[in-house]
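A.B. asks: Could you have a look at this structure, given as structure tokens, before my questions?
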Amino acid sequence: MSEAKKYPAPVTNPETAAFWDAAKEGKFMIKRCTACGEAHYFPRSICPFCYSDKTVWEQASGEGTIYTWSLMRKSPTGPYAIGYVTLKEGPSVQTNFVDCDLTTLKIGQKVKVVFKPTDGAPLPFFTPV
Amino acid sequence: MTVLNSGLVSTPLALARGPLAGRNISALANPPIAVQKNGAIRNASGDLSLTIKGKAYIAGIYEHPTRHAPDKSTAQLHAEVAKGAIEDAGISKDDIDGYFCAGDAPGGAWPMVDYLGLNTKKLRHIDSTETGGCSYIIHLGHAAEAIAAGKCSIALVTLAGKPRTGAMPPRAAGAEADFESAYGATTHNAYGMCAMRHMHDYGTTSEQLAWIKVAASHHAQYNPHAMLKDVVTVEDVLNSPMISDPLHRMDCCVVSDGGGALIVTTPEIAKSLKKPLVRLIGHGEAMKGPRGGKDLDLTYSAGIWSGPRAFEEAGITPKDIKYASIYDSFTITVLMQIEDLGFCKKGEGGKFVADGNLISGVGKLPFNTDGGGLCSNHPVNRGGMTKIIEAVRQLRGEAHPKVQVQNCDLAIAHGTGGLLGVRHAASTAILERV
């Protein structure tokens, strides 16, 4: 199952390094624009909404609800459930759901972030609360 | 709220607060176009040149009959479909002065132009726009633009490849790679996510999706080249194995080797050739993605923008369409596009496609009469080319007699590329028999 899965290490780059550094400390970060107030994910230095460069890192609650999901049943590495989580802070993020019975996932279900190790920085996943 | 060309939705407030605060030029960048009483189109400046309506004709089409080509090279398949379309049009390859290809062309445009032996003294327009499966519908529009601007007069568009024979080369990573690639988005689960949310928001059912496959199979039984020729029932689809919830195996298209090609040309050249006249009268293209995760809505596609752009240019409405080629990578792709193009209201696609409404001779909107990607052919996992080809067959009256739409004078060819559930492009072409 997904717990035993080997995940690729993020390559990282100067624009996103702070996200991965925080992930190593178990913190899930998003970016917020101080010009227009909007949060976004994945993180960019220029706000995708108003093009301001006044974007700042913000630790997210790591809590959200399932927007949608799909359980891939035919995979050489075993079944896995992809989906989007709408964070409490607003942005929806692509993820996999882990550490649960993948057949019981529901749209609207409350989930929280969990990090899984890679050979580099850990990756964020979500699991039902 | 204003939709900018970039696809970003911007409020006047955001513009005022952002560093680019200044004049809102959106109205200047997107002048409304008006259809005159005589059918001519002019934009706000009154310039009749700012449309491709009627300025380019599809003079040659060719769909490779193969569905499995372990004994051929990919470049060879490109050459075979080029030759087929050139012969269909009745022109010489040395007259071609525009070449269009996408990510499936080995090495891109310059190795292909050389390999195909195109006349480089004459070739003066090259376009390798890559937008996945709808690339070729975008190419058709771009070819019309180039022809209207006098940049070329005979354009060749080719698609070919062999995903059934061997693994496809990986795509280059985008800026999102670290934040998405580990999660294993594939075509199946990306479209599954759309179907799951569409069912949640609108009550769409697996039975309704199954009707799309049923209709495609009714058409495929008459296509000798179709990979899947058996007529199937709604029960057959529901009983096929679940691949990625809620999509069953029969909700998915085939994987096939093969390809196709087009010749696009000027009205004058088309009229000098022997084929029935089919012209492009409207075209649209658009892109959509998660856009920073704001207001995510996977129940609609970029087709809600490309479709109206094409209909507006053509000066017709969905009700005028006699035949529809609609990209069918999955059943949900068709259902969402039918809504997005305006054949029914958002959320009513399930009701619209049920009970054989897409079957030629039975329903109100005959679609994919070659069997489409669901049953016949999905060369290189890119369905846009075959969508155009079957639409042209219908307009020429060259479809199989069992599926030929009577008096077919207006058709649509619409496709998407990329992953509907992640980020994708869409393109719409409206074609008319003259």
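Identifiers in the structure tokens: chain A, B, ... in order shown; residue index from 1 per chain; ligand index from 1 in order shown.
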Chain B residues within 6 Å of chain A, counting only C-alpha atoms: which ones, as an mmCIF file with N, CA and C atoms, in the first residue's frame?
C.D. replies:
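Wrote it out as selection.cif, contents follow:
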```cif
data_model
loop_
_atom_site.group_PDB
_atom_site.id
_atom_site.type_symbol
_atom_site.label_atom_id
_atom_site.label_comp_id
_atom_site.auth_asym_id
_atom_site.auth_seq_id
_atom_site.Cartn_x
_atom_site.Cartn_y
_atom_site.Cartn_z
ATOM 1 N N ALA B 14 -8.370 44.199 -7.907
ATOM 2 C CA ALA B 14 -7.043 43.593 -7.861
ATOM 3 C C ALA B 14 -6.091 44.353 -8.774
ATOM 4 N N GLY B 18 -2.684 46.061 -7.461
ATOM 5 C CA GLY B 18 -1.453 45.386 -7.845
ATOM 6 C C GLY B 18 -0.452 46.366 -8.415
ATOM 7 N N PRO B 19 0.762 45.879 -8.602
ATOM 8 C CA PRO B 19 1.811 46.753 -9.122
ATOM 9 C C PRO B 19 1.556 47.147 -10.568
ATOM 10 N N ASP B 178 7.639 19.492 -8.408
ATOM 11 C CA ASP B 178 7.907 19.046 -7.036
ATOM 12 C C ASP B 178 6.625 18.934 -6.210
ATOM 13 N N TYR B 183 2.363 12.476 -6.813
ATOM 14 C CA TYR B 183 0.999 12.035 -6.515
ATOM 15 C C TYR B 183 0.384 11.166 -7.616
ATOM 16 N N ASN B 189 -6.929 8.788 -13.533
ATOM 17 C CA ASN B 189 -7.388 9.354 -12.260
ATOM 18 C C ASN B 189 -7.636 10.856 -12.331
ATOM 19 N N GLY B 192 -10.958 10.851 -13.650
ATOM 20 C CA GLY B 192 -11.786 10.285 -12.583
ATOM 21 C C GLY B 192 -12.154 11.344 -11.550
ATOM 22 N N MET B 193 -11.186 12.213 -11.220
ATOM 23 C CA MET B 193 -11.463 13.280 -10.245
ATOM 24 C C MET B 193 -12.548 14.221 -10.760
ATOM 25 N N ARG B 197 -16.376 14.657 -8.985
ATOM 26 C CA ARG B 197 -16.939 15.932 -8.543
ATOM 27 C C ARG B 197 -18.204 16.287 -9.339
ATOM 28 N N ILE B 243 -11.446 1.115 -13.040
ATOM 29 C CA ILE B 243 -10.026 1.435 -13.241
ATOM 30 C C ILE B 243 -9.597 2.507 -12.237
ATOM 31 N N SER B 244 -10.266 3.649 -12.293
ATOM 32 C CA SER B 244 -9.993 4.711 -11.318
ATOM 33 C C SER B 244 -11.337 5.377 -11.025
ATOM 34 N N ASP B 245 -11.813 5.199 -9.831
ATOM 35 C CA ASP B 245 -13.179 5.595 -9.470
ATOM 36 C C ASP B 245 -13.485 7.019 -9.919
ATOM 37 N N GLY B 292 -3.147 28.509 -8.902
ATOM 38 C CA GLY B 292 -2.823 28.835 -7.511
ATOM 39 C C GLY B 292 -3.799 28.232 -6.512
ATOM 40 N N GLY B 293 -4.679 27.356 -6.993
ATOM 41 C CA GLY B 293 -5.613 26.667 -6.106
ATOM 42 C C GLY B 293 -6.848 27.472 -5.744
ATOM 43 N N LYS B 294 -7.043 28.613 -6.400
ATOM 44 C CA LYS B 294 -8.175 29.495 -6.063
ATOM 45 C C LYS B 294 -9.443 29.041 -6.779
#
```
A.B. asks: Do you know which residues are at most 6 Å from Leu431 in chain B counting only C-alpha atoms, after dropping those on the same chain fewer than 3 positions away, and could you put them as a list in words?
C.D. replies: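 Selected residues are Arg279, Leu280, Ile281, Leu410 and Ala411 of chain B.
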A.B. asks: Could you tell me how far CA of Gly184 in chain B sits from CA of Val129 in chain A, in Å to one decimal place?
C.D. replies: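 For CA of Val129 in chain A relative to CA of Gly184 in chain B, the distance reads 22.9 Å.
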A.B. asks: Skipping near chain neighbours, those fewer than 3 positions away, what residues fall within 7 Å of Thr386 in chain B using only C-alpha atoms, listed as a list in words?
C.D. replies: Glu63, Gly260, Gly383, Ile389 and Glu390 of chain B
A.B. asks: Go through range 348-388 of chain B and collect every residue that DSSP, computed from the backbone, puts in alpha helix (DSSP H); the answer should be as a list in words.
C.D. replies: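 Put together, the selection reads Gly349, Gly350, Lys351, Phe352, Val353, Gly384, Met385, Thr386, Lys387 and Ile388 of chain B.
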A.B. asks: Any idea what's packed within 7 Å of Ala261 in chain B, counting only C-alpha atoms, ignoring anything in its chain fewer than 2 positions away? Could you give it as a ChimeraX atom specification?
C.D. replies: /B:61-63,81-82,85,157-159
A.B. asks: Residues of the last selection are to be written out with N, CA and C atoms, as a short mmCIF file (atom, residue, chain, number, x, y, z; two decimals), in the first residue's frame.
C.D. replies:
```cif
data_model
loop_
_atom_site.label_atom_id
_atom_site.label_comp_id
_atom_site.auth_asym_id
_atom_site.auth_seq_id
_atom_site.Cartn_x
_atom_site.Cartn_y
_atom_site.Cartn_z
N ILE B 61 -7.60 15.16 -46.24
CA ILE B 61 -7.61 14.47 -44.94
C ILE B 61 -7.09 13.05 -45.13
N TYR B 62 -6.48 12.52 -44.09
CA TYR B 62 -6.08 11.11 -44.14
C TYR B 62 -5.95 10.58 -42.73
N GLU B 63 -6.61 9.48 -42.47
CA GLU B 63 -6.44 8.77 -41.19
C GLU B 63 -5.74 7.46 -41.49
N VAL B 81 1.02 9.40 -43.40
CA VAL B 81 -0.21 10.20 -43.30
C VAL B 81 -0.09 11.48 -44.13
N ALA B 82 1.13 12.04 -44.21
CA ALA B 82 1.33 13.23 -45.05
C ALA B 82 1.01 12.88 -46.50
N ALA B 85 -2.77 12.51 -47.07
CA ALA B 85 -3.53 13.77 -47.13
C ALA B 85 -3.22 14.53 -48.41
N VAL B 157 -0.56 19.43 -41.83
CA VAL B 157 -0.54 19.15 -40.39
C VAL B 157 -0.42 17.63 -40.24
N THR B 158 0.56 17.17 -39.45
CA THR B 158 0.69 15.71 -39.27
C THR B 158 0.69 15.33 -37.79
N LEU B 159 0.18 14.14 -37.54
CA LEU B 159 0.19 13.51 -36.21
C LEU B 159 0.48 12.04 -36.43
#
```
A.B. asks: Give the answer as one residue: which of B:Ala75, B:His68, B:Ser153, B:Asp88 has the shortest atom-to-atom distance to Asp114 in chain B, using only C-alpha atoms?
C.D. replies: B:Ala75
